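Next up, my_file-v7.tsv (TSV, C-alpha atoms):
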chain	number	residue	atom	x	y	z
U	1	MET	CA	38.46	-47.49	6.91
U	2	ALA	CA	39.50	-48.64	3.44
U	3	THR	CA	38.89	-46.67	0.27
U	4	ILE	CA	37.87	-48.19	-3.05
U	5	TYR	CA	38.31	-46.13	-6.20
U	6	VAL	CA	35.77	-46.93	-8.92
U	7	CYS	CA	36.01	-45.61	-12.48
U	8	ARG	CA	32.81	-43.66	-13.12
U	9	LYS	CA	33.10	-43.94	-16.90
U	10	CYS	CA	33.18	-47.74	-17.10
U	11	LYS	CA	30.18	-49.69	-18.26
U	12	HIS	CA	28.43	-51.44	-15.32
U	13	SER	CA	30.25	-49.30	-12.72
U	14	LYS	CA	26.93	-48.49	-10.99
U	15	ASP	CA	26.31	-52.22	-10.42
U	16	LEU	CA	29.79	-52.54	-8.95
U	17	GLN	CA	29.17	-49.55	-6.65
U	18	LYS	CA	25.94	-51.11	-5.36
U	19	ALA	CA	27.67	-54.46	-4.70
U	20	LEU	CA	30.48	-52.72	-2.82
U	21	GLU	CA	28.05	-50.63	-0.76
U	22	ARG	CA	26.13	-53.78	0.24
U	23	GLY	CA	29.20	-55.87	1.01
U	24	THR	CA	31.59	-53.50	2.74
U	25	ASP	CA	31.70	-50.34	4.83
U	26	ALA	CA	34.63	-48.94	2.82
U	27	SER	CA	34.47	-45.47	1.39
U	28	ILE	CA	33.80	-45.48	-2.36
U	29	ARG	CA	35.30	-42.68	-4.45
U	30	LEU	CA	34.41	-42.22	-8.09
U	31	VAL	CA	37.39	-41.38	-10.30
U	32	GLY	CA	38.00	-40.70	-13.97
U	33	CYS	CA	39.06	-43.22	-16.58
U	34	GLN	CA	42.13	-45.24	-15.60
U	35	GLU	CA	42.78	-46.29	-19.21
U	36	VAL	CA	43.03	-50.00	-18.41
U	37	CYS	CA	39.56	-50.57	-19.92
U	38	GLU	CA	38.60	-54.01	-18.67
U	39	GLN	CA	35.24	-52.85	-17.43
U	40	PRO	CA	34.37	-52.05	-14.69
U	41	VAL	CA	37.62	-51.08	-12.96
U	42	ALA	CA	38.31	-50.50	-9.26
U	43	GLY	CA	41.40	-49.87	-7.17
U	44	THR	CA	42.21	-50.43	-3.51
U	45	ARG	CA	45.22	-50.92	-1.25
U	46	ALA	CA	46.63	-54.45	-1.35
U	47	ASP	CA	50.16	-55.79	-0.96
U	48	GLY	CA	51.28	-52.42	0.41
U	49	CYS	CA	50.30	-50.30	-2.60
U	50	LEU	CA	47.31	-49.29	-4.68
U	51	GLN	CA	46.24	-52.16	-6.96
U	52	TRP	CA	43.80	-51.84	-9.86
U	53	PHE	CA	41.48	-54.65	-10.91
U	54	GLY	CA	39.42	-54.90	-14.09
U	55	GLY	CA	36.55	-57.04	-15.30
U	56	LEU	CA	34.64	-56.57	-12.05
U	57	ASP	CA	31.26	-57.16	-13.66
U	58	LYS	CA	31.64	-60.84	-12.71
U	59	PRO	CA	30.09	-61.69	-9.30
U	60	LYS	CA	32.99	-63.97	-8.32
U	61	ARG	CA	35.50	-61.13	-8.78
U	62	GLN	CA	33.23	-58.70	-6.92
U	63	ARG	CA	33.02	-61.07	-3.94
U	64	ALA	CA	36.80	-61.53	-3.96
U	65	LEU	CA	37.31	-57.73	-3.97
U	66	ILE	CA	34.82	-57.30	-1.11
U	67	ASP	CA	36.60	-60.02	0.91
U	68	LEU	CA	39.98	-58.40	0.22
U	69	VAL	CA	38.74	-54.98	1.37
U	70	ASN	CA	36.99	-56.40	4.45
U	71	HIS	CA	40.28	-58.03	5.49
U	72	GLY	CA	42.13	-54.72	5.18
U	73	GLY	CA	44.00	-55.65	1.99
U	74	ASP	CA	46.30	-57.89	4.03
U	75	GLY	CA	47.51	-61.21	2.80
U	76	LYS	CA	47.69	-62.64	-0.68
U	77	ILE	CA	45.51	-61.27	-3.46
U	78	PRO	CA	42.96	-63.98	-4.35
U	79	ASP	CA	43.76	-65.82	-7.60
U	80	VAL	CA	40.55	-64.66	-9.28
U	81	LEU	CA	41.62	-61.03	-8.68
U	82	ALA	CA	45.29	-61.61	-9.44
U	83	LYS	CA	44.34	-62.62	-12.97
U	84	SER	CA	42.39	-59.37	-13.45
U	85	ARG	CA	45.00	-57.09	-11.83
U	86	SER	CA	46.32	-54.29	-14.01
U	87	ARG	CA	50.10	-54.35	-13.92
U	88	LYS	CA	50.15	-51.11	-15.92
U	89	ARG	CA	48.42	-49.16	-13.10
U	90	ALA	CA	49.81	-51.03	-10.05
U	91	GLY	CA	51.02	-48.64	-7.39
U	92	LYS	CA	49.74	-45.54	-9.19
U	93	SER	CA	47.23	-43.04	-7.80
U	94	PRO	CA	43.85	-42.56	-9.48
U	95	ARG	CA	43.66	-40.07	-12.32

Transcribe the structure of this file into structure tokens.
Amino acid sequence: MATIYVCRKCKHSKDLQKALERGTDASIRLVGCQEVCEQPVAGTRADGCLQWFGGLDKPKRQRALIDLVNHGGDGKIPDVLAKSRSRKRAGKSPR
């Protein structure tokens, strides 16, 4: 089962949590601020390492994240998520 890390301090993170709970059976872990501040922020395994995505208050990005997690993080990161990926936090564990 996949794990999605969601920043608990970000604005609209509760809405993101609800969307993830409805759309996937992945385990959701709340973490502290990741200091990438494009709210809300979530991280999951993709492309062989932990990737962080911001700006997940948009439904299109939420659906793309849910699809990515439901497919096990395999394959290419969807373009809509690639644009919101945090290069600063890529491959790093949650704080």

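Using all atoms listed in the file, the nearest neighbour of U:Ala64 within the list U:Ser13, U:Gln51, U:Val36, U:Leu81 is U:Leu81.
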
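Atom CA of U:Val31 is positioned 6.6 Å from atom CA of U:Pro94.
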
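Pairwise distance (atom CA of U:Ser93, atom CA of U:Thr3) equals 12.2 Å.
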
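Residue nearest U:Arg89, chosen from U:Leu16, U:Cys10, U:Ala42, U:Met1 and counting all atoms listed in the file: U:Ala42.
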
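Atom pair atom CA of U:Lys11 / atom CA of U:Gly73: separated by 25.2 Å.
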
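Nearest residue to U:Ala90, choosing from U:Arg22, U:Arg45, U:Lys9, U:Lys14 and counting only C-alpha atoms: U:Arg45.
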
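Minimum distance to U:Ala46 across U:Lys76, U:Arg61, U:Arg29, U:Lys88 (counting only C-alpha atoms) occurs at U:Lys76.
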
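Distance annotation: of U:Ile77, U:Leu68, U:Leu50, U:Asp57, the residue with the minimal separation from U:Gly91 is U:Leu50; atom set is only C-alpha atoms.
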
Distance query U:Gln62 at most 12 Å, all atoms listed in the file, self and fewer than 5 positions along chain excluded, as a PyMOL selection string | chain U and resi 13+15-24+40-42+53-57+67-69+78+80-81+84

For the residues in the current selection, export C-alpha atoms as a PDB file, in the coordinates of the input.
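The new file part.pdb reads:
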ATOM      1  CA  SER U  13      30.250 -49.300 -12.720  1.00  0.00           C
ATOM      2  CA  ASP U  15      26.310 -52.220 -10.420  1.00  0.00           C
ATOM      3  CA  LEU U  16      29.790 -52.540  -8.950  1.00  0.00           C
ATOM      4  CA  GLN U  17      29.170 -49.550  -6.650  1.00  0.00           C
ATOM      5  CA  LYS U  18      25.940 -51.110  -5.360  1.00  0.00           C
ATOM      6  CA  ALA U  19      27.670 -54.460  -4.700  1.00  0.00           C
ATOM      7  CA  LEU U  20      30.480 -52.720  -2.820  1.00  0.00           C
ATOM      8  CA  GLU U  21      28.050 -50.630  -0.760  1.00  0.00           C
ATOM      9  CA  ARG U  22      26.130 -53.780   0.240  1.00  0.00           C
ATOM     10  CA  GLY U  23      29.200 -55.870   1.010  1.00  0.00           C
ATOM     11  CA  THR U  24      31.590 -53.500   2.740  1.00  0.00           C
ATOM     12  CA  PRO U  40      34.370 -52.050 -14.690  1.00  0.00           C
ATOM     13  CA  VAL U  41      37.620 -51.080 -12.960  1.00  0.00           C
ATOM     14  CA  ALA U  42      38.310 -50.500  -9.260  1.00  0.00           C
ATOM     15  CA  PHE U  53      41.480 -54.650 -10.910  1.00  0.00           C
ATOM     16  CA  GLY U  54      39.420 -54.900 -14.090  1.00  0.00           C
ATOM     17  CA  GLY U  55      36.550 -57.040 -15.300  1.00  0.00           C
ATOM     18  CA  LEU U  56      34.640 -56.570 -12.050  1.00  0.00           C
ATOM     19  CA  ASP U  57      31.260 -57.160 -13.660  1.00  0.00           C
ATOM     20  CA  ASP U  67      36.600 -60.020   0.910  1.00  0.00           C
ATOM     21  CA  LEU U  68      39.980 -58.400   0.220  1.00  0.00           C
ATOM     22  CA  VAL U  69      38.740 -54.980   1.370  1.00  0.00           C
ATOM     23  CA  PRO U  78      42.960 -63.980  -4.350  1.00  0.00           C
ATOM     24  CA  VAL U  80      40.550 -64.660  -9.280  1.00  0.00           C
ATOM     25  CA  LEU U  81      41.620 -61.030  -8.680  1.00  0.00           C
ATOM     26  CA  SER U  84      42.390 -59.370 -13.450  1.00  0.00           C
TER      27      SER U  84
END

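Among the candidate residues U:Gly72, U:Val6, U:Arg95, U:His12, the one lying nearest to U:Ile28 is U:Val6, with distances computed using all atoms listed in the file.
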
Using all atoms listed in the file, which residues sit within 6 Å of U:Leu30 once same-chain residues fewer than 2 positions away are excluded, as a ChimeraX atom specification?
-> /U:5-8
